[in-house]
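One file, input27.json, is given below (JSON, C-alpha atoms and all ligand atoms).
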```json
[["chain", "number", "residue", "atom", "x", "y", "z"],
["N", 1, "MET", "CA", -11.57, 14.14, -19.01],
["N", 2, "LYS", "CA", -14.77, 16.03, -18.38],
["N", 3, "PRO", "CA", -15.89, 19.65, -18.85],
["N", 4, "LEU", "CA", -14.59, 22.23, -16.35],
["N", 5, "GLY", "CA", -18.17, 23.29, -15.61],
["N", 6, "LEU", "CA", -17.78, 26.90, -16.72],
["N", 7, "GLN", "CA", -21.33, 27.84, -15.86],
["N", 8, "LYS", "CA", -20.34, 27.75, -12.15],
["N", 9, "TYR", "CA", -17.92, 30.69, -12.57],
["N", 10, "ARG", "CA", -18.55, 34.43, -12.77],
["N", 11, "ARG", "CA", -15.14, 35.94, -13.50],
["N", 12, "ILE", "CA", -13.13, 33.80, -15.88],
["N", 13, "VAL", "CA", -9.70, 34.81, -17.15],
["N", 14, "VAL", "CA", -8.21, 32.95, -20.11],
["N", 15, "LEU", "CA", -4.61, 33.40, -21.24],
["N", 16, "THR", "CA", -3.60, 31.97, -24.61],
["N", 17, "GLY", "CA", -0.15, 31.55, -26.13],
["N", 18, "ALA", "CA", 1.35, 30.25, -29.35],
["N", 19, "GLY", "CA", 0.12, 26.68, -28.73],
["N", 20, "ILE", "CA", -3.46, 27.60, -29.60],
["N", 21, "SER", "CA", -2.49, 28.78, -33.09],
["N", 22, "VAL", "CA", -0.23, 25.88, -34.08],
["N", 23, "ALA", "CA", -3.18, 23.98, -35.56],
["N", 24, "SER", "CA", -3.87, 27.05, -37.72],
["N", 25, "GLY", "CA", -0.43, 26.62, -39.23],
["N", 26, "LEU", "CA", 1.24, 29.63, -37.61],
["N", 27, "ARG", "CA", 4.78, 29.71, -36.36],
["N", 28, "PRO", "CA", 5.05, 31.04, -32.85],
["N", 29, "TYR", "CA", 5.90, 34.68, -32.40],
["N", 30, "ARG", "CA", 6.87, 35.27, -28.82],
["N", 31, "GLY", "CA", 7.33, 38.64, -27.27],
["N", 32, "PRO", "CA", 9.33, 39.67, -24.23],
["N", 33, "GLY", "CA", 10.33, 36.74, -22.08],
["N", 34, "GLY", "CA", 10.02, 34.27, -24.90],
["N", 35, "LEU", "CA", 12.55, 32.65, -27.18],
["N", 36, "TRP", "CA", 12.65, 32.70, -30.93],
["N", 37, "GLU", "CA", 13.36, 29.44, -32.66],
["N", 38, "GLU", "CA", 15.47, 30.98, -35.37],
["N", 39, "ALA", "CA", 18.78, 32.70, -34.81],
["N", 40, "GLY", "CA", 18.87, 36.37, -35.66],
["N", 41, "ILE", "CA", 15.17, 37.07, -35.31],
["N", 42, "ALA", "CA", 15.51, 38.08, -31.67],
["N", 43, "ASP", "CA", 17.95, 40.78, -32.77],
["N", 44, "LEU", "CA", 15.52, 42.15, -35.34],
["N", 45, "ALA", "CA", 12.44, 42.42, -33.13],
["N", 46, "THR", "CA", 13.91, 45.24, -31.09],
["N", 47, "PRO", "CA", 13.55, 49.03, -30.95],
["N", 48, "GLN", "CA", 17.25, 49.33, -31.82],
["N", 49, "ALA", "CA", 16.82, 47.36, -35.05],
["N", 50, "LEU", "CA", 13.74, 49.43, -35.88],
["N", 51, "ALA", "CA", 15.76, 52.63, -35.55],
["N", 52, "GLU", "CA", 18.79, 51.35, -37.47],
["N", 53, "ARG", "CA", 17.43, 48.76, -39.91],
["N", 54, "PRO", "CA", 13.67, 49.39, -40.33],
["N", 55, "ALA", "CA", 13.49, 47.69, -43.74],
["N", 56, "GLU", "CA", 14.76, 44.46, -42.19],
["N", 57, "VAL", "CA", 12.21, 44.72, -39.39],
["N", 58, "TRP", "CA", 9.43, 45.02, -41.98],
["N", 59, "ARG", "CA", 10.86, 42.08, -43.91],
["N", 60, "LEU", "CA", 10.41, 40.09, -40.69],
["N", 61, "PHE", "CA", 6.92, 41.29, -39.72],
["N", 62, "GLY", "CA", 5.46, 41.84, -43.21],
["N", 63, "PRO", "CA", 5.33, 38.08, -43.93],
["N", 64, "VAL", "CA", 3.94, 37.43, -40.43],
["N", 65, "ARG", "CA", 1.06, 39.72, -41.39],
["N", 66, "VAL", "CA", 0.47, 37.86, -44.65],
["N", 67, "GLN", "CA", 0.63, 34.40, -43.04],
["N", 68, "ALA", "CA", -1.70, 35.36, -40.20],
["N", 69, "ARG", "CA", -4.23, 36.80, -42.67],
["N", 70, "ALA", "CA", -4.17, 33.54, -44.64],
["N", 71, "ALA", "CA", -4.61, 31.36, -41.52],
["N", 72, "GLN", "CA", -8.01, 30.28, -40.20],
["N", 73, "PRO", "CA", -9.19, 30.03, -36.58],
["N", 74, "ASN", "CA", -9.21, 26.42, -35.36],
["N", 75, "ASP", "CA", -11.52, 24.52, -32.97],
["N", 76, "GLY", "CA", -9.64, 25.94, -29.96],
["N", 77, "HIS", "CA", -10.32, 29.56, -30.96],
["N", 78, "LEU", "CA", -13.90, 28.69, -31.85],
["N", 79, "ALA", "CA", -14.55, 26.93, -28.51],
["N", 80, "LEU", "CA", -13.40, 30.04, -26.62],
["N", 81, "ALA", "CA", -15.57, 32.36, -28.71],
["N", 82, "LYS", "CA", -18.56, 30.10, -28.09],
["N", 83, "VAL", "CA", -18.06, 30.23, -24.30],
["N", 84, "GLN", "CA", -18.01, 34.01, -24.34],
["N", 85, "SER", "CA", -21.32, 34.15, -26.22],
["N", 86, "SER", "CA", -23.06, 31.58, -23.98],
["N", 87, "LEU", "CA", -22.13, 32.79, -20.48],
["N", 88, "PRO", "CA", -24.95, 33.28, -17.98],
["N", 89, "ALA", "CA", -26.06, 36.85, -17.21],
["N", 90, "GLY", "CA", -23.53, 38.68, -15.04],
["N", 91, "ALA", "CA", -20.66, 36.34, -15.84],
["N", 92, "GLN", "CA", -17.60, 37.63, -17.69],
["N", 93, "LEU", "CA", -14.74, 36.07, -19.58],
["N", 94, "CYS", "CA", -11.61, 38.16, -20.06],
["N", 95, "LEU", "CA", -9.61, 36.72, -22.94],
["N", 96, "VAL", "CA", -5.93, 37.68, -22.89],
["N", 97, "THR", "CA", -3.56, 36.55, -25.62],
["N", 98, "GLN", "CA", 0.17, 36.64, -26.23],
["N", 99, "ASN", "CA", -0.52, 36.04, -29.92],
["N", 100, "ILE", "CA", -0.46, 38.78, -32.54],
["N", 101, "ASP", "CA", -2.35, 36.76, -35.17],
["N", 102, "GLY", "CA", -5.88, 38.13, -34.63],
["N", 103, "LEU", "CA", -7.40, 34.63, -34.76],
["N", 104, "HIS", "CA", -9.45, 35.01, -31.56],
["N", 105, "GLN", "CA", -11.20, 38.05, -32.98],
["N", 106, "ARG", "CA", -11.80, 36.31, -36.30],
["N", 107, "ALA", "CA", -13.30, 33.34, -34.39],
["N", 108, "GLY", "CA", -15.76, 35.81, -32.83],
["N", 109, "SER", "CA", -14.22, 36.63, -29.44],
["N", 110, "GLN", "CA", -14.89, 40.13, -28.09],
["N", 111, "ASP", "CA", -12.68, 42.54, -26.16],
["N", 112, "VAL", "CA", -9.52, 40.49, -26.61],
["N", 113, "VAL", "CA", -6.58, 41.87, -24.64],
["N", 114, "GLU", "CA", -3.52, 41.64, -26.91],
["N", 115, "LEU", "CA", -0.50, 41.62, -24.61],
["N", 116, "HIS", "CA", 1.94, 41.79, -27.49],
["N", 117, "GLY", "CA", -0.06, 43.92, -29.90],
["N", 118, "SER", "CA", -1.32, 42.91, -33.33],
["N", 119, "ALA", "CA", 0.39, 41.93, -36.58],
["N", 120, "PHE", "CA", -2.44, 43.71, -38.42],
["N", 121, "ARG", "CA", -1.93, 47.18, -37.04],
["N", 122, "THR", "CA", 0.63, 49.78, -38.03],
["N", 123, "ARG", "CA", 1.56, 52.78, -35.94],
["N", 124, "CYS", "CA", 3.97, 55.68, -35.89],
["N", 125, "SER", "CA", 7.38, 55.08, -34.32],
["N", 126, "ASN", "CA", 7.35, 58.62, -32.92],
["N", 127, "THR", "CA", 5.73, 58.33, -29.47],
["N", 128, "ALA", "CA", 4.87, 62.05, -29.48],
["N", 129, "CYS", "CA", 2.90, 61.71, -32.74],
["N", 130, "GLU", "CA", -0.92, 61.65, -32.59],
["N", 131, "LEU", "CA", -1.43, 59.25, -35.47],
["N", 132, "GLU", "CA", -3.54, 56.38, -34.12],
["N", 133, "ALA", "CA", -2.60, 52.76, -34.77],
["N", 134, "TYR", "CA", -4.61, 51.56, -37.78],
["N", 135, "GLU", "CA", -5.55, 48.30, -39.47],
["N", 136, "ASP", "CA", -3.11, 47.60, -42.28],
["N", 137, "ASP", "CA", -2.87, 44.60, -44.62],
["N", 138, "SER", "CA", 0.23, 45.70, -46.53],
["N", 139, "PRO", "CA", 3.41, 43.76, -45.66],
["N", 140, "HIS", "CA", 5.62, 46.80, -46.57],
["N", 141, "THR", "CA", 8.41, 44.46, -47.65],
["N", 142, "ASN", "CA", 9.36, 46.76, -50.55],
["N", 143, "GLY", "CA", 10.01, 49.89, -48.58],
["N", 144, "VAL", "CA", 9.58, 51.42, -45.16],
["N", 145, "PRO", "CA", 6.34, 53.41, -44.87],
["N", 146, "THR", "CA", 6.45, 56.87, -43.29],
["N", 147, "CYS", "CA", 3.95, 58.73, -41.16],
["N", 148, "PRO", "CA", 1.61, 61.12, -43.02],
["N", 149, "ARG", "CA", 1.63, 63.46, -40.01],
["N", 150, "CYS", "CA", 5.23, 63.65, -38.82],
["N", 151, "ASN", "CA", 7.22, 61.78, -41.46],
["N", 152, "ALA", "CA", 8.78, 59.40, -38.91],
["N", 153, "ILE", "CA", 8.90, 55.74, -39.92],
["N", 154, "LEU", "CA", 5.83, 53.59, -39.37],
["N", 155, "ARG", "CA", 6.18, 50.31, -37.50],
["N", 156, "PRO", "CA", 4.16, 47.19, -36.76],
["N", 157, "ASP", "CA", 2.00, 47.67, -33.61],
["N", 158, "VAL", "CA", 3.63, 44.74, -31.83],
["N", 159, "VAL", "CA", 5.57, 44.60, -28.59],
["N", 160, "MET", "CA", 9.22, 43.98, -29.35],
["N", 161, "PHE", "CA", 11.97, 42.73, -27.07],
["N", 162, "GLY", "CA", 12.85, 45.38, -24.54],
["N", 163, "GLU", "CA", 9.47, 47.12, -24.88],
["N", 164, "MET", "CA", 6.72, 47.32, -22.27],
["N", 165, "ILE", "CA", 3.32, 45.65, -22.46],
["N", 166, "PRO", "CA", 0.83, 48.44, -23.34],
["N", 167, "ALA", "CA", -0.34, 50.12, -20.10],
["N", 168, "HIS", "CA", -4.06, 49.71, -20.84],
["N", 169, "SER", "CA", -3.60, 45.97, -21.44],
["N", 170, "GLU", "CA", -1.65, 45.57, -18.22],
["N", 171, "TRP", "CA", -4.31, 47.46, -16.27],
["N", 172, "THR", "CA", -7.19, 45.41, -17.73],
["N", 173, "VAL", "CA", -5.39, 42.16, -16.90],
["N", 174, "LYS", "CA", -4.59, 43.16, -13.33],
["N", 175, "ARG", "CA", -8.17, 44.14, -12.64],
["N", 176, "ALA", "CA", -9.54, 40.91, -14.16],
["N", 177, "LEU", "CA", -7.11, 38.72, -12.19],
["N", 178, "ARG", "CA", -7.98, 40.41, -8.92],
["N", 179, "GLU", "CA", -11.62, 39.34, -9.27],
["N", 180, "CYS", "CA", -11.16, 36.04, -11.05],
["N", 181, "ASP", "CA", -12.61, 32.72, -9.87],
["N", 182, "LEU", "CA", -11.24, 30.60, -12.74],
["N", 183, "LEU", "CA", -7.99, 31.00, -14.66],
["N", 184, "ILE", "CA", -7.30, 28.88, -17.74],
["N", 185, "ALA", "CA", -3.87, 29.21, -19.38],
["N", 186, "ILE", "CA", -3.71, 27.60, -22.82],
["N", 187, "GLY", "CA", -0.84, 26.78, -25.14],
["N", 188, "THR", "CA", 1.75, 28.61, -23.11],
["N", 189, "SER", "CA", 4.39, 27.57, -20.63],
["N", 190, "GLY", "CA", 3.02, 27.53, -17.09],
["N", 191, "THR", "CA", 6.41, 28.06, -15.55],
["N", 192, "VAL", "CA", 7.45, 31.34, -17.22],
["N", 193, "SER", "CA", 5.92, 34.80, -17.51],
["N", 194, "PRO", "CA", 3.22, 35.79, -18.23],
["N", 195, "ALA", "CA", 1.42, 32.57, -17.17],
["N", 196, "SER", "CA", 3.52, 32.20, -14.02],
["N", 197, "ASN", "CA", 2.52, 35.72, -12.94],
["N", 198, "PHE", "CA", -1.12, 35.27, -13.88],
["N", 199, "VAL", "CA", -1.42, 32.10, -11.81],
["N", 200, "ARG", "CA", 0.11, 33.70, -8.74],
["N", 201, "SER", "CA", -2.44, 36.52, -8.90],
["N", 202, "ALA", "CA", -5.27, 34.08, -9.53],
["N", 203, "GLU", "CA", -4.19, 31.94, -6.59],
["N", 204, "PHE", "CA", -4.25, 35.04, -4.41],
["N", 205, "ALA", "CA", -7.85, 35.65, -5.58],
["N", 206, "ARG", "CA", -8.60, 32.01, -4.62],
["N", 207, "ALA", "CA", -9.45, 31.08, -8.18],
["N", 208, "ARG", "CA", -9.36, 27.59, -9.62],
["N", 209, "THR", "CA", -6.31, 27.45, -11.87],
["N", 210, "VAL", "CA", -5.96, 25.27, -14.96],
["N", 211, "LEU", "CA", -3.19, 24.80, -17.52],
["N", 212, "VAL", "CA", -3.87, 23.31, -20.96],
["N", 213, "ASN", "CA", -0.66, 22.66, -22.87],
["N", 214, "LEU", "CA", 1.14, 20.14, -25.05],
["N", 215, "GLU", "CA", 4.13, 19.95, -22.72],
["N", 216, "PRO", "CA", 3.98, 19.20, -18.98],
["N", 217, "MET", "CA", 5.30, 21.85, -16.60],
["N", 218, "ARG", "CA", 8.89, 21.17, -15.56],
["N", 219, "PRO", "CA", 9.10, 21.91, -12.74],
["N", 220, "ARG", "CA", 5.42, 22.02, -11.95],
["N", 221, "HIS", "CA", 4.25, 25.49, -10.87],
["N", 222, "PRO", "CA", 2.69, 24.96, -7.43],
["N", 223, "ALA", "CA", -0.06, 27.54, -8.03],
["N", 224, "PHE", "CA", -1.64, 25.55, -10.89],
["N", 225, "ASP", "CA", -4.34, 23.23, -9.51],
["N", 226, "GLU", "CA", -4.74, 21.18, -12.67],
["N", 227, "GLU", "CA", -2.84, 20.40, -15.86],
["N", 228, "TYR", "CA", -4.37, 18.98, -19.06],
["N", 229, "LEU", "CA", -1.87, 17.75, -21.63],
["N", 230, "GLY", "CA", -2.65, 17.68, -25.33],
["N", 231, "ARG", "CA", -3.58, 19.77, -28.32],
["N", 232, "ALA", "CA", -5.65, 22.84, -27.53],
["N", 233, "GLU", "CA", -7.96, 22.32, -30.52],
["N", 234, "GLU", "CA", -8.84, 18.84, -29.21],
["N", 235, "LEU", "CA", -9.03, 19.53, -25.46],
["N", 236, "LEU", "CA", -10.86, 22.87, -25.45],
["N", 237, "PRO", "CA", -14.10, 21.76, -27.12],
["N", 238, "VAL", "CA", -14.42, 19.17, -24.29],
["N", 239, "LEU", "CA", -13.14, 21.21, -21.32],
["N", 240, "LEU", "CA", -15.15, 24.31, -22.24],
["N", 241, "ALA", "CA", -18.43, 22.56, -23.10],
["N", 242, "THR", "CA", -21.32, 24.21, -21.26],
["N", 243, "THR", "CA", -24.16, 21.86, -22.14],
["X", 1, "ZN", "ZN", 3.85, 60.22, -36.83]]
```
Mind turning this structure into structure tokens?
Amino acid sequence: MKPLGLQKYRRIVVLTGAGISVASGLRPYRGPGGLWEEAGIADLATPQALAERPAEVWRLFGPVRVQARAAQPNDGHLALAKVQSSLPAGAQLCLVTQNIDGLHQRAGSQDVVELHGSAFRTRCSNTACELEAYEDDSPHTNGVPTCPRCNAILRPDVVMFGEMIPAHSEWTVKRALRECDLLIAIGTSGTVSPASNFVRSAEFARARTVLVNLEPMRPRHPAFDEEYLGRAEELLPVLLATT
């Protein structure tokens, strides 16, 4: 295995999923299109549960917030942050993540597109309210917080099942994929959304397309040119090396 030769590319798009955070000790949270490992959780991460049983929703996401805060970025996160800071003039790397754990930002990555929101932000459940989402470390496991402006319940700023990807994230991703010359999908299944959609767009843009994952694609998505199997924290420092 040798480096991908990143310095040759000008518009790189990277998509990361739960696989990149496993070495940081985090259980996967998967948003729309994904599957939860534990029974019952899929029922709780929904707008319906938020409306009917908000305390239970916070008892699910509060501990996620605490665990993610206690976790540390691993060599995979760090390798990606290093690429972004060492790109040649005019080159761009758009980092898109399905993870809500904030580890890319803590590793030093800039302008991370969070497809499924962030475990560390809280926002108002009332869509007409003007309260902005804010950084929040409290797990709120002892009571449901309410909005200081409109008194509606506050919720984690994450995308739950049945909810849309935030429009600004979707727009940023579409624009980046249209121009991209290299797509790298990491720690996520290449055969299901969002990676399967990303790779189709990237193929249309005539980009080189690479999947880095523990599990091989079954069946193999025809739009992926290359597949590297293994742990992200071991493969990325080699694949992304620029010197
Ligand atoms: Zn409000």
Checklist entry - What is the distance between CA of Pro54 (chain N) and CA of Gly143 (chain N), in Å to one decimal? => result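 So the two atoms, CA of Pro54 (chain N) and CA of Gly143 (chain N), lie 9.0 Å apart.
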Next on the checklist: My list of candidates is N:Gly108, N:Pro139, N:Pro145, N:Pro194. Which is closest to Phe61 (chain N) when distances are computed with all atoms listed in the file?
Outcome noted: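 Residue with the minimum atom-to-atom distance to Phe61 (chain N): N:Pro139.
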Selection near Leu93 (chain N), 8 Å with only C-alpha atoms, sequence-local residues under 2 positions removed, as an mmCIF file with C-alpha atoms, keeping the file's coordinate frame:
```
data_model
loop_
_atom_site.group_PDB
_atom_site.id
_atom_site.type_symbol
_atom_site.label_atom_id
_atom_site.label_comp_id
_atom_site.auth_asym_id
_atom_site.auth_seq_id
_atom_site.Cartn_x
_atom_site.Cartn_y
_atom_site.Cartn_z
ATOM 1 C CA ARG N 10 -18.550 34.430 -12.770
ATOM 2 C CA ARG N 11 -15.140 35.940 -13.500
ATOM 3 C CA ILE N 12 -13.130 33.800 -15.880
ATOM 4 C CA VAL N 13 -9.700 34.810 -17.150
ATOM 5 C CA VAL N 14 -8.210 32.950 -20.110
ATOM 6 C CA GLN N 84 -18.010 34.010 -24.340
ATOM 7 C CA ALA N 91 -20.660 36.340 -15.840
ATOM 8 C CA LEU N 95 -9.610 36.720 -22.940
#
```
Next on the checklist: 8 Å from ligand ZN 1 (chain X) is the threshold here; counting only C-alpha atoms and all ligand atoms, which polymer residues fall inside it? Answer as a VMD selection string.
Outcome noted: chain N and resid 123 to 131 146 to 154
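Picture a line from CA of Pro47 (chain N) to CA of Thr172 (chain N); it runs 24.9 Å.
Between CA of Pro216 (chain N) and CA of Leu4 (chain N) the interatomic distance comes to 19.0 Å.
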Item to check | Ser196 (chain N) environment, 12 Å, all atoms listed in the file, sequence neighbours closer than 6 positions dropped, as a list in words | outcome: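 The neighbour list is Leu15, Gly33, Leu183, Ile184, Ala185, Thr188, Ser189, Gly190, Ala202, Glu203, Thr209, Val210, Leu211, Met217, Pro219, Arg220, His221, Pro222, Ala223 and Phe224 of chain N.
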Next on the checklist: Would you pick out the contacts of Arg65 (chain N) at 10 Å or less, using only C-alpha atoms, so that residues sharing its chain but fewer than 3 positions from it are not included, and give the list as a list in words?
Outcome noted: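 Listed by chain and then number, they are Trp58, Leu60, Phe61, Gly62, Ala68, Arg69, Ala70, Ile100, Asp101, Gly102, Ser118, Ala119, Phe120, Arg121, Asp136, Asp137, Ser138, Pro139, His140 and Pro156 of chain N.
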Next on the checklist: What's around Met1 (chain N) at 10 Å? Count all atoms listed in the file, leave out sequence neighbours fewer than 2 positions away in its own chain, and write the answer as a VMD selection string.
Outcome noted: chain N and resid 3 to 4 228 235 238 to 239
Around all listed atoms of region 190-195 of chain N, padded 8 Å per side, what centre and edge lengths does the axis-aligned box have in Å to one decimal, as lines of an AutoDock Vina configuration file?
```
center_x = 4.4
center_y = 31.7
center_z = -16.9
size_x = 22.0
size_y = 24.3
size_z = 18.7
```
Item to check | Given all atoms listed in the file as the counted atoms, nearest of N:Ser86, N:Asn197, N:Ser24, N:Thr97 to Leu6 (chain N) | outcome: N:Ser86
Checklist entry - Pick from N:Glu226, N:Thr122, N:Thr243, N:Val173: nearest to Glu135 (chain N), with only C-alpha atoms counted? => result N:Thr122
